[in-house]
$ cat upload_5.cif   # mmCIF, C-alpha atoms
data_data
loop_
_atom_site.group_PDB
_atom_site.id
_atom_site.type_symbol
_atom_site.label_atom_id
_atom_site.label_comp_id
_atom_site.auth_asym_id
_atom_site.auth_seq_id
_atom_site.Cartn_x
_atom_site.Cartn_y
_atom_site.Cartn_z
ATOM 1 C CA LEU H 298 -70.211 20.838 5.776
ATOM 2 C CA GLY H 299 -72.816 18.037 6.133
ATOM 3 C CA VAL H 300 -72.722 18.308 9.926
ATOM 4 C CA ALA H 301 -73.272 22.082 9.846
ATOM 5 C CA SER H 302 -76.267 21.677 7.493
ATOM 6 C CA ALA H 303 -77.736 18.956 9.655
ATOM 7 C CA LEU H 304 -77.374 21.118 12.753
ATOM 8 C CA LYS H 305 -79.081 23.985 10.951
ATOM 9 C CA ASP H 306 -82.037 21.773 9.979
ATOM 10 C CA ALA H 307 -82.258 20.385 13.493
ATOM 11 C CA SER H 308 -82.223 23.884 14.975
ATOM 12 C CA ARG H 309 -85.149 24.918 12.744
ATOM 13 C CA ALA H 310 -87.119 21.825 13.643
ATOM 14 C CA ILE H 311 -86.591 22.362 17.361
ATOM 15 C CA SER H 312 -87.527 26.073 17.019
ATOM 16 C CA ARG H 313 -90.848 25.022 15.495
ATOM 17 C CA ALA H 314 -91.344 22.488 18.235
ATOM 18 C CA ALA H 315 -90.613 25.147 20.867
ATOM 19 C CA ARG H 316 -94.020 26.702 20.075
ATOM 20 C CA PHE H 317 -95.583 23.683 21.672
ATOM 21 C CA VAL H 318 -92.765 22.597 24.021
ATOM 22 C CA PRO H 319 -91.175 25.682 25.676
ATOM 23 C CA ALA H 320 -88.313 23.615 27.132
ATOM 24 C CA ALA H 321 -87.049 22.910 23.613
ATOM 25 C CA GLU H 322 -86.135 26.559 23.127
ATOM 26 C CA GLU H 323 -82.921 26.091 25.075
ATOM 27 C CA LEU H 324 -81.929 23.150 22.881
ATOM 28 C CA ALA H 325 -82.475 25.235 19.771
ATOM 29 C CA THR H 326 -80.182 27.927 21.174
ATOM 30 C CA ARG H 327 -77.439 25.394 21.926
ATOM 31 C CA LEU H 328 -77.728 23.882 18.459
ATOM 32 C CA ASP H 329 -77.365 27.325 16.868
ATOM 33 C CA SER H 330 -74.236 28.006 18.930
ATOM 34 C CA SER H 331 -72.721 24.639 17.890
ATOM 35 C CA ARG H 332 -73.589 25.258 14.254
ATOM 36 C CA ILE H 333 -71.932 28.664 14.285
ATOM 37 C CA GLU H 334 -68.762 27.197 15.890
ATOM 38 C CA ILE H 335 -68.616 24.357 13.351
ATOM 39 C CA GLU H 336 -69.067 26.762 10.449
ATOM 40 C CA ASP H 337 -66.245 28.907 11.865
ATOM 41 C CA ILE H 338 -63.990 25.849 12.144
ATOM 42 C CA LEU H 339 -64.943 24.841 8.599
ATOM 43 C CA SER H 340 -63.912 28.282 7.369
ATOM 44 C CA ASP H 341 -60.505 27.952 9.054
ATOM 45 C CA VAL H 342 -60.034 24.470 7.557
ATOM 46 C CA ARG H 343 -60.773 25.862 4.083
ATOM 47 C CA LYS H 344 -58.167 28.556 4.615
ATOM 48 C CA LEU H 345 -55.575 25.944 5.675
ATOM 49 C CA ASP H 346 -56.412 23.766 2.703
ATOM 50 C CA SER H 347 -55.995 26.645 0.272
ATOM 51 C CA GLY H 348 -52.554 27.412 1.747
ATOM 52 C CA VAL H 349 -51.157 23.860 1.405
ATOM 53 C CA LEU H 350 -49.242 23.190 -1.842
ATOM 54 C CA LEU H 351 -48.585 19.524 -2.707
ATOM 55 C CA SER H 352 -45.392 19.167 -4.835
ATOM 56 C CA GLU H 353 -43.397 15.978 -5.466
ATOM 57 C CA GLN H 354 -40.356 18.064 -6.410
ATOM 58 C CA ARG H 355 -40.487 19.949 -3.129
ATOM 59 C CA LEU H 356 -40.924 16.667 -1.236
ATOM 60 C CA ALA H 357 -37.786 15.254 -2.930
ATOM 61 C CA GLU H 358 -35.828 18.399 -2.067
ATOM 62 C CA VAL H 359 -36.845 18.195 1.600
ATOM 63 C CA ASP H 360 -36.042 14.471 1.722
ATOM 64 C CA GLY H 361 -32.597 15.099 0.223
ATOM 65 C CA ARG H 362 -31.966 17.879 2.706
ATOM 66 C CA ILE H 363 -32.862 15.617 5.626
ATOM 67 C CA SER H 364 -30.549 12.874 4.278
ATOM 68 C CA LEU H 365 -27.711 15.401 4.000
ATOM 69 C CA ILE H 366 -28.217 16.488 7.589
ATOM 70 C CA TYR H 367 -28.040 12.874 8.804
ATOM 71 C CA LYS H 368 -24.821 12.340 6.822
ATOM 72 C CA LEU H 369 -23.321 15.459 8.375
ATOM 73 C CA PHE H 370 -24.309 14.127 11.816
ATOM 74 C CA GLN H 371 -22.292 10.971 11.159
ATOM 75 C CA LYS H 372 -19.338 12.724 9.529
ATOM 76 C CA HIS H 373 -18.785 15.245 12.324
ATOM 77 C CA GLY H 374 -19.951 13.085 15.245
ATOM 78 C CA CYS H 375 -22.933 15.302 16.111
ATOM 79 C CA ARG H 376 -26.073 14.139 17.851
ATOM 80 C CA SER H 377 -28.219 17.231 17.516
ATOM 81 C CA VAL H 378 -28.803 20.148 15.193
ATOM 82 C CA SER H 379 -27.259 22.508 17.733
ATOM 83 C CA GLU H 380 -24.005 20.490 17.739
ATOM 84 C CA LEU H 381 -23.981 20.506 13.944
ATOM 85 C CA ILE H 382 -24.432 24.259 13.878
ATOM 86 C CA ALA H 383 -21.573 24.626 16.376
ATOM 87 C CA ALA H 384 -19.340 22.519 14.116
ATOM 88 C CA LYS H 385 -20.295 24.668 11.123
ATOM 89 C CA GLU H 386 -19.394 27.821 13.009
ATOM 90 C CA LYS H 387 -16.077 26.312 14.085
ATOM 91 C CA PHE H 388 -15.100 25.443 10.512
ATOM 92 C CA GLY H 389 -16.304 28.791 9.308
ATOM 93 C CA GLN H 390 -14.105 30.514 11.830
ATOM 94 C CA MET H 391 -11.118 28.440 10.723
ATOM 95 C CA ILE H 392 -11.753 29.326 7.073
ATOM 96 C CA PHE H 393 -12.390 33.004 7.469
ATOM 97 C CA ASP H 394 -9.837 33.723 10.182
ATOM 98 C CA SER H 395 -7.271 35.090 7.748
ATOM 99 C CA SER H 396 -4.824 36.049 10.466
ATOM 100 C CA ALA H 397 -4.559 32.440 11.726
ATOM 101 C CA LEU H 398 -4.208 31.120 8.188
ATOM 102 C CA SER H 399 -1.513 33.634 7.368
ATOM 103 C CA GLU H 400 0.373 32.728 10.517
ATOM 104 C CA ARG H 401 0.139 29.018 9.735
ATOM 105 C CA LYS H 402 1.241 29.637 6.156
ATOM 106 C CA SER H 403 4.254 31.574 7.396
ATOM 107 C CA GLU H 404 5.169 28.743 9.790
ATOM 108 C CA LEU H 405 4.985 26.169 6.991
ATOM 109 C CA GLU H 406 7.048 28.316 4.643
ATOM 110 C CA ASN H 407 9.751 28.714 7.296
ATOM 111 C CA LEU H 408 9.689 24.960 7.938
ATOM 112 C CA ILE H 409 10.011 24.207 4.226
ATOM 113 C CA SER H 410 12.904 26.629 3.929
ATOM 114 C CA SER H 411 14.667 25.142 6.957
ATOM 115 C CA LEU H 412 14.194 21.568 5.774
ATOM 116 C CA GLY H 413 15.291 22.530 2.272
ATOM 117 C CA LYS H 414 18.563 23.921 3.607
ATOM 118 C CA GLU H 415 19.113 20.818 5.730
ATOM 119 C CA TYR H 416 18.356 18.603 2.716
ATOM 120 C CA LYS H 417 20.962 20.383 0.610
ATOM 121 C CA VAL H 418 23.570 19.997 3.355
ATOM 122 C CA ARG H 419 22.817 16.281 3.761
ATOM 123 C CA ALA H 420 22.715 15.753 -0.010
ATOM 124 C CA ALA H 421 26.105 17.437 -0.383
ATOM 125 C CA GLU H 422 27.540 15.218 2.363
ATOM 126 C CA LEU H 423 26.105 12.140 0.662
ATOM 127 C CA SER H 424 27.553 13.180 -2.700
ATOM 128 C CA LYS H 425 30.968 13.657 -1.119
ATOM 129 C CA MET H 426 30.811 10.237 0.533
ATOM 130 C CA ARG H 427 29.766 8.634 -2.742
ATOM 131 C CA ALA H 428 32.566 10.354 -4.636
ATOM 132 C CA GLU H 429 35.096 9.075 -2.108
ATOM 133 C CA ALA H 430 33.699 5.536 -1.878
ATOM 134 C CA SER H 431 32.849 4.836 -5.537
ATOM 135 C CA PRO H 432 36.458 4.312 -6.764
ATOM 136 C CA ARG H 433 37.165 1.870 -3.935
ATOM 137 C CA LEU H 434 33.894 0.028 -4.502
ATOM 138 C CA ALA H 435 34.489 -0.170 -8.262
ATOM 139 C CA GLY H 436 38.024 -1.443 -7.700
ATOM 140 C CA GLU H 437 36.938 -4.183 -5.298
ATOM 141 C CA VAL H 438 34.060 -5.304 -7.512
ATOM 142 C CA SER H 439 36.408 -5.430 -10.525
ATOM 143 C CA GLU H 440 38.881 -7.521 -8.564
ATOM 144 C CA LYS H 441 36.227 -9.973 -7.364
ATOM 145 C CA VAL H 442 34.618 -10.272 -10.796
ATOM 146 C CA ARG H 443 38.020 -11.059 -12.350
ATOM 147 C CA SER H 444 38.382 -13.943 -9.916
ATOM 148 C CA LEU H 445 35.187 -15.412 -11.405
ATOM 149 C CA GLU H 446 36.687 -16.324 -14.783
ATOM 150 C CA LEU H 447 36.489 -12.782 -16.202
ATOM 151 C CA PRO H 448 40.185 -11.781 -16.012
ATOM 152 C CA LYS H 449 39.837 -8.600 -18.095
ATOM 153 C CA ALA H 450 36.551 -7.345 -16.655
ATOM 154 C CA VAL H 451 36.226 -3.692 -15.672
ATOM 155 C CA PHE H 452 33.545 -2.311 -13.367
ATOM 156 C CA GLU H 453 33.182 1.466 -12.959
ATOM 157 C CA ILE H 454 30.807 3.868 -11.221
ATOM 158 C CA ARG H 455 29.809 7.095 -12.928
ATOM 159 C CA MET H 456 28.248 9.957 -10.957
ATOM 160 C CA ALA H 457 26.455 12.986 -12.380
ATOM 161 C CA PRO H 458 24.081 15.660 -11.023
ATOM 162 C CA GLY H 459 20.531 14.376 -10.902
ATOM 163 C CA PRO H 460 17.083 15.508 -9.754
ATOM 164 C CA GLU H 461 16.483 16.002 -6.054
ATOM 165 C CA GLY H 462 14.930 12.969 -4.393
ATOM 166 C CA VAL H 463 14.971 10.708 -1.372
ATOM 167 C CA PHE H 464 18.392 9.350 -2.414
ATOM 168 C CA GLY H 465 20.041 12.741 -2.796
ATOM 169 C CA THR H 466 20.933 14.776 -5.855
ATOM 170 C CA ASP H 467 23.159 12.299 -7.693
ATOM 171 C CA SER H 468 22.557 10.169 -10.731
ATOM 172 C CA VAL H 469 24.629 6.982 -10.365
ATOM 173 C CA ASP H 470 25.310 4.512 -13.172
ATOM 174 C CA PHE H 471 27.193 1.213 -13.091
ATOM 175 C CA LEU H 472 29.452 0.645 -16.096
ATOM 176 C CA PHE H 473 30.910 -2.681 -17.166
ATOM 177 C CA ASP H 474 32.941 -4.323 -19.870
ATOM 178 C CA ALA H 475 33.984 -7.956 -19.776
ATOM 179 C CA ASN H 476 36.949 -7.301 -22.082
ATOM 180 C CA GLY H 477 38.217 -4.199 -20.285
ATOM 181 C CA THR H 478 38.042 -1.901 -23.311
ATOM 182 C CA ARG H 479 35.155 0.528 -23.195
ATOM 183 C CA PRO H 480 32.775 0.183 -20.219
ATOM 184 C CA VAL H 481 29.124 1.067 -20.888
ATOM 185 C CA GLU H 482 25.986 0.920 -18.789
ATOM 186 C CA LEU H 483 25.726 -2.476 -17.119
ATOM 187 C CA SER H 484 22.102 -3.054 -18.184
ATOM 188 C CA LYS H 485 23.025 -2.586 -21.854
ATOM 189 C CA CYS H 486 26.034 -4.870 -22.157
ATOM 190 C CA ALA H 487 26.196 -7.604 -19.516
ATOM 191 C CA SER H 488 24.981 -11.137 -20.182
ATOM 192 C CA GLY H 489 22.954 -13.154 -17.681
ATOM 193 C CA GLY H 490 26.029 -14.925 -16.372
ATOM 194 C CA GLU H 491 27.990 -11.678 -16.036
ATOM 195 C CA ILE H 492 25.148 -10.019 -14.155
ATOM 196 C CA SER H 493 24.986 -13.034 -11.804
ATOM 197 C CA ARG H 494 28.687 -12.703 -11.018
ATOM 198 C CA ILE H 495 28.484 -8.940 -10.466
ATOM 199 C CA MET H 496 25.437 -9.355 -8.207
ATOM 200 C CA LEU H 497 27.258 -11.970 -6.146
ATOM 201 C CA CYS H 498 30.254 -9.654 -5.733
ATOM 202 C CA LEU H 499 28.056 -6.706 -4.723
ATOM 203 C CA LYS H 500 26.026 -8.783 -2.269
ATOM 204 C CA ALA H 501 29.181 -10.236 -0.754
ATOM 205 C CA MET H 502 30.548 -6.763 -0.119
ATOM 206 C CA MET H 503 27.263 -5.362 1.207
ATOM 207 C CA ALA H 504 26.815 -8.327 3.522
ATOM 208 C CA ARG H 505 30.311 -7.820 4.888
ATOM 209 C CA PHE H 506 29.853 -4.118 5.597
ATOM 210 C CA GLU H 507 26.259 -4.386 6.836
ATOM 211 C CA GLY H 508 27.024 -7.283 9.173
ATOM 212 C CA MET H 509 24.072 -9.374 7.969
ATOM 213 C CA PRO H 510 23.490 -12.529 10.062
ATOM 214 C CA THR H 511 21.921 -14.488 7.188
ATOM 215 C CA LEU H 512 22.031 -14.208 3.410
ATOM 216 C CA ILE H 513 19.855 -16.146 0.952
ATOM 217 C CA PHE H 514 20.828 -16.587 -2.698
ATOM 218 C CA ASP H 515 18.101 -17.785 -5.043
ATOM 219 C CA GLU H 516 19.918 -19.160 -8.094
ATOM 220 C CA ILE H 517 22.380 -16.291 -8.174
ATOM 221 C CA ASP H 518 24.586 -18.540 -10.316
ATOM 222 C CA THR H 519 22.142 -18.494 -13.257
ATOM 223 C CA GLY H 520 23.964 -18.487 -16.599
ATOM 224 C CA VAL H 521 27.251 -19.686 -15.083
ATOM 225 C CA SER H 522 28.918 -23.063 -15.496
ATOM 226 C CA GLY H 523 32.267 -24.812 -15.480
ATOM 227 C CA SER H 524 35.212 -23.239 -13.685
ATOM 228 C CA ALA H 525 33.246 -19.986 -13.184
ATOM 229 C CA ALA H 526 30.654 -21.935 -11.195
ATOM 230 C CA HIS H 527 33.479 -23.453 -9.138
ATOM 231 C CA SER H 528 34.805 -19.954 -8.359
ATOM 232 C CA MET H 529 31.335 -18.663 -7.438
ATOM 233 C CA GLY H 530 30.860 -21.631 -5.122
ATOM 234 C CA ALA H 531 34.172 -20.841 -3.443
ATOM 235 C CA MET H 532 33.142 -17.204 -2.950
ATOM 236 C CA ILE H 533 29.789 -18.215 -1.437
ATOM 237 C CA CYS H 534 31.621 -20.684 0.799
ATOM 238 C CA GLU H 535 34.004 -17.945 1.903
ATOM 239 C CA MET H 536 31.055 -15.723 2.824
ATOM 240 C CA GLY H 537 29.756 -18.558 4.995
ATOM 241 C CA CYS H 538 32.743 -18.078 7.321
ATOM 242 C CA ASP H 539 31.251 -14.773 8.577
ATOM 243 C CA MET H 540 27.485 -15.390 8.298
ATOM 244 C CA GLN H 541 24.869 -17.995 7.589
ATOM 245 C CA VAL H 542 24.381 -18.452 3.839
ATOM 246 C CA PHE H 543 21.600 -20.330 2.051
ATOM 247 C CA ALA H 544 22.170 -20.910 -1.671
ATOM 248 C CA VAL H 545 19.437 -22.308 -3.900
ATOM 249 C CA THR H 546 21.293 -23.763 -6.878
ATOM 250 C CA HIS H 547 21.255 -26.316 -9.685
ATOM 251 C CA LEU H 548 25.025 -26.281 -10.108
ATOM 252 C CA PRO H 549 26.954 -29.214 -8.610
ATOM 253 C CA GLN H 550 30.076 -27.040 -8.251
ATOM 254 C CA VAL H 551 28.130 -24.723 -5.887
ATOM 255 C CA ALA H 552 26.131 -27.431 -4.103
ATOM 256 C CA ALA H 553 29.308 -29.353 -3.272
ATOM 257 C CA LYS H 554 30.772 -26.396 -1.372
ATOM 258 C CA GLY H 555 28.111 -26.270 1.323
ATOM 259 C CA ASP H 556 28.524 -27.569 4.849
ATOM 260 C CA ALA H 557 24.987 -28.954 4.598
ATOM 261 C CA HIS H 558 23.059 -30.107 1.551
ATOM 262 C CA TYR H 559 19.263 -30.067 1.356
ATOM 263 C CA VAL H 560 17.131 -31.335 -1.508
ATOM 264 C CA VAL H 561 13.792 -29.697 -2.318
ATOM 265 C CA GLU H 562 11.306 -32.067 -3.908
ATOM 266 C CA LYS H 563 7.753 -31.593 -5.161
ATOM 267 C CA SER H 564 5.172 -34.340 -5.169
ATOM 268 C CA GLU H 565 1.418 -34.780 -5.406
ATOM 269 C CA ASP H 566 -0.530 -35.978 -2.367
ATOM 270 C CA GLY H 567 -3.677 -38.102 -2.395
ATOM 271 C CA SER H 568 -5.950 -35.073 -2.854
ATOM 272 C CA GLY H 569 -4.173 -33.861 -5.974
ATOM 273 C CA ARG H 570 -2.307 -31.002 -4.299
ATOM 274 C CA ASN H 571 1.345 -30.278 -5.007
ATOM 275 C CA VAL H 572 3.434 -30.573 -1.862
ATOM 276 C CA SER H 573 7.039 -29.394 -1.423
ATOM 277 C CA SER H 574 9.390 -31.170 0.971
ATOM 278 C CA LEU H 575 12.887 -30.398 2.259
ATOM 279 C CA GLN H 576 15.270 -33.229 3.093
ATOM 280 C CA ARG H 577 18.884 -33.156 4.171
ATOM 281 C CA VAL H 578 21.189 -35.539 2.308
ATOM 282 C CA GLU H 579 24.473 -36.876 3.642
ATOM 283 C CA GLY H 580 27.068 -39.493 2.795
ATOM 284 C CA ASP H 581 26.315 -41.652 -0.235
ATOM 285 C CA ARG H 582 22.949 -39.946 -0.683
ATOM 286 C CA ARG H 583 24.693 -36.604 -1.138
ATOM 287 C CA VAL H 584 27.165 -38.126 -3.583
ATOM 288 C CA GLU H 585 24.223 -39.428 -5.619
ATOM 289 C CA GLU H 586 22.527 -36.019 -5.581
ATOM 290 C CA ILE H 587 25.685 -34.245 -6.797
ATOM 291 C CA ALA H 588 26.064 -36.920 -9.478
ATOM 292 C CA ARG H 589 22.454 -36.359 -10.532
ATOM 293 C CA LEU H 590 23.170 -32.649 -10.979
ATOM 294 C CA LEU H 591 26.188 -33.587 -13.103
ATOM 295 C CA SER H 592 24.606 -36.198 -15.383
ATOM 296 C CA GLY H 593 20.841 -35.863 -15.112
ATOM 297 C CA ALA H 594 18.357 -38.668 -14.485
ATOM 298 C CA GLN H 595 20.809 -41.419 -15.546
ATOM 299 C CA ILE H 596 23.565 -41.475 -12.932
ATOM 300 C CA THR H 597 26.799 -42.935 -14.327
ATOM 301 C CA GLN H 598 29.828 -44.227 -12.482
ATOM 302 C CA ALA H 599 31.866 -41.388 -13.979
ATOM 303 C CA ALA H 600 29.383 -38.864 -12.529
ATOM 304 C CA ILE H 601 29.675 -40.510 -9.104
ATOM 305 C CA GLU H 602 33.466 -40.295 -9.191
ATOM 306 C CA ASN H 603 33.241 -36.665 -10.315
ATOM 307 C CA ALA H 604 30.813 -35.936 -7.487
ATOM 308 C CA LYS H 605 33.200 -37.446 -4.924
ATOM 309 C CA SER H 606 35.971 -35.310 -6.364
ATOM 310 C CA LEU H 607 33.864 -32.146 -6.017
ATOM 311 C CA LEU H 608 32.923 -32.993 -2.438
ATOM 312 C CA ASN H 609 36.580 -33.590 -1.586
ATOM 313 C CA GLY H 610 37.394 -30.103 -2.868
ATOM 314 C CA ASN H 611 39.270 -31.162 -5.971
#
$ encode --input "upload_5.cif" --output "C-alpha cells"
Amino acid sequence: LGVASALKDASRAISRAARFVPAAEELATRLDSSRIEIEDILSDVRKLDSGVLLSEQRLAEVDGRISLIYKLFQKHGCRSVSELIAAKEKFGQMIFDSSALSERKSELENLISSLGKEYKVRAAELSKMRAEASPRLAGEVSEKVRSLELPKAVFEIRMAPGPEGVFGTDSVDFLFDANGTRPVELSKCASGGEISRIMLCLKAMMARFEGMPTLIFDEIDTGVSGSAAHSMGAMICEMGCDMQVFAVTHLPQVAAKGDAHYVVEKSEDGSGRNVSSLQRVEGDRRVEEIARLLSGAQITQAAIENAKSLLNGN
C-alpha cells in the first residue's frame, strides 16, 4: 500500500515537471502503469488474505492425518500415495467380494467337518487302546509297588467320558490304596514315600517301552528309608541294565547300588560366589561317603562296616 501511494505521488510530481521538461512525460506514464499494476496485485493479495482461515484445531487434524498416512506407508510397505491407494482398493475388494468370502467360508466349514470326523475316529481308537492297556498297566504297577515294601498295595486306573481335547475324549484317574481295601484318587491318599515308589514304577515301565537311552532321577526316593530304600535301589539298578541311569539321592541304600558314585559339593570361591563341583569317589573314599550318608558328619566304625556291607550287596 505504501509503495502504491509513493508511486502515485511520484507520478503527480513528474506530471508537473513535464510542463517544463517534455521528456518526463514518458516517465509519468510508466509510473502510472506500474502503480495500477501494483494496486491490482494488492487487491488480489487482500482477497487471498480474506480467504485464509488460521485454526490450531484444523492444523492438529491435518498433522494427525499426515502421521496416519506415514504409519500406513510403513504397515503396508508402500512408498507412495498411489501404492497406498492400491492397497486400500485390494483390501476393499477382499472385504466386499462376498462370493469369495462365501466360498472360503464353505471350504473352512468342510475342513472343520472332515477334521472333526477324523478326530472322533482317532479318539475312539485311543479310548479302545486305553481300555485294553489300562488293566495290564495297573496290574504291573501294583506288582512293582508291592515289591517296594507295600505288599498289600493296589493300583487301579479308572476311565470315564471326558471333554474333547488334545488327549482324546477320556478322563483318566489313578486310584491307589496301600492297604488294598478301597482305592481312591492317588492325589488324595498317597503319602510322599508312596508317591515316590509309584513314580519310580511308572518311570521304569515307560522307559522300558519307550526305549529311552538315559534316565535321570532327582531324589525320586524322597520319603523312603530302610528296606524300602534298598528295594528301590535294586529296581533302579535293574533299570541300569537296559539304559544309562543317573540317580540323585541322599539314601546310602540307593547310592551303594550304582556302578559309579559321584559326590556333588558346594563351596565358596575367593570372590564370594557359590561353586558346585562333581567328583567321582572310589575305594575307601566311596566307603567313607556311604558311611557319611549313614551316620552324618561323625563317621563311626559301625557306619564304615555297614557301608562296606551295602557296597558288597548284603
$ resolve_selection --input "upload_5.cif" --expression "the PyMOL selection byres ((chain H and resi 522) around 12)" --output "ChimeraX atom specification"
/H:445-446,489-491,493-494,517-521,523-530,546-551,591
$ residues_around --input "upload_5.cif" --residues "H:Ile454" --least-positions-apart "2" --cutoff "12 Å" --atoms "all atoms listed in the file" --output "PyMOL selection string"
chain H and resi 427-439+451-452+456-457+467-473+480-483
$ closest_residue --input "upload_5.cif" --among "H:Lys554, H:Ala475, H:Asp566, H:Met502" --to "H:Asp539" --atoms "all atoms listed in the file"
H:Met502
$ atom_distance --input "upload_5.cif" --atom1 "atom CA of H:Ala383" --atom2 "atom CA of H:Leu369"
12.3 Å
$ atom_distance --input "upload_5.cif" --atom1 "atom CA of H:Val418" --atom2 "atom CA of H:Ser399"
28.8 Å
$ resolve_selection --input "upload_5.cif" --expression "the PyMOL selection byres ((chain H and resi 571-584) around 12)" --output "PyMOL selection string"
chain H and resi 549+552-570+585-591+596-609
$ atom_distance --input "upload_5.cif" --atom1 "atom CA of H:Arg362" --atom2 "atom CA of H:Glu386"
19.1 Å
$ closest_residue --input "upload_5.cif" --among "H:Glu422, H:Asp474, H:Glu404, H:Asp515" --to "H:Arg443" --atoms "only C-alpha atoms"
H:Asp474
$ closest_residue --input "upload_5.cif" --among "H:Ser484, H:Phe506, H:Ala420, H:Lys500" --to "H:Thr466" --atoms "all atoms listed in the file"
H:Ala420
$ closest_residue --input "upload_5.cif" --among "H:Leu497, H:Gly508, H:Gln371, H:Glu380" --to "H:Ile533" --atoms "all atoms listed in the file"
H:Leu497
$ closest_residue --input "upload_5.cif" --among "H:Val545, H:Ala450, H:Leu405, H:Leu423" --to "H:Thr478" --atoms "all atoms listed in the file"
H:Ala450
$ closest_residue --input "upload_5.cif" --among "H:Ile492, H:Met532, H:Ile382, H:Ile513" --to "H:Ser444" --atoms "only C-alpha atoms"
H:Met532
$ residues_around --input "upload_5.cif" --residues "H:Phe543" --least-positions-apart "3" --cutoff "8 Å" --atoms "all atoms listed in the file" --output "JSON, numbers by chain"
{"H": [511, 512, 513, 514]}
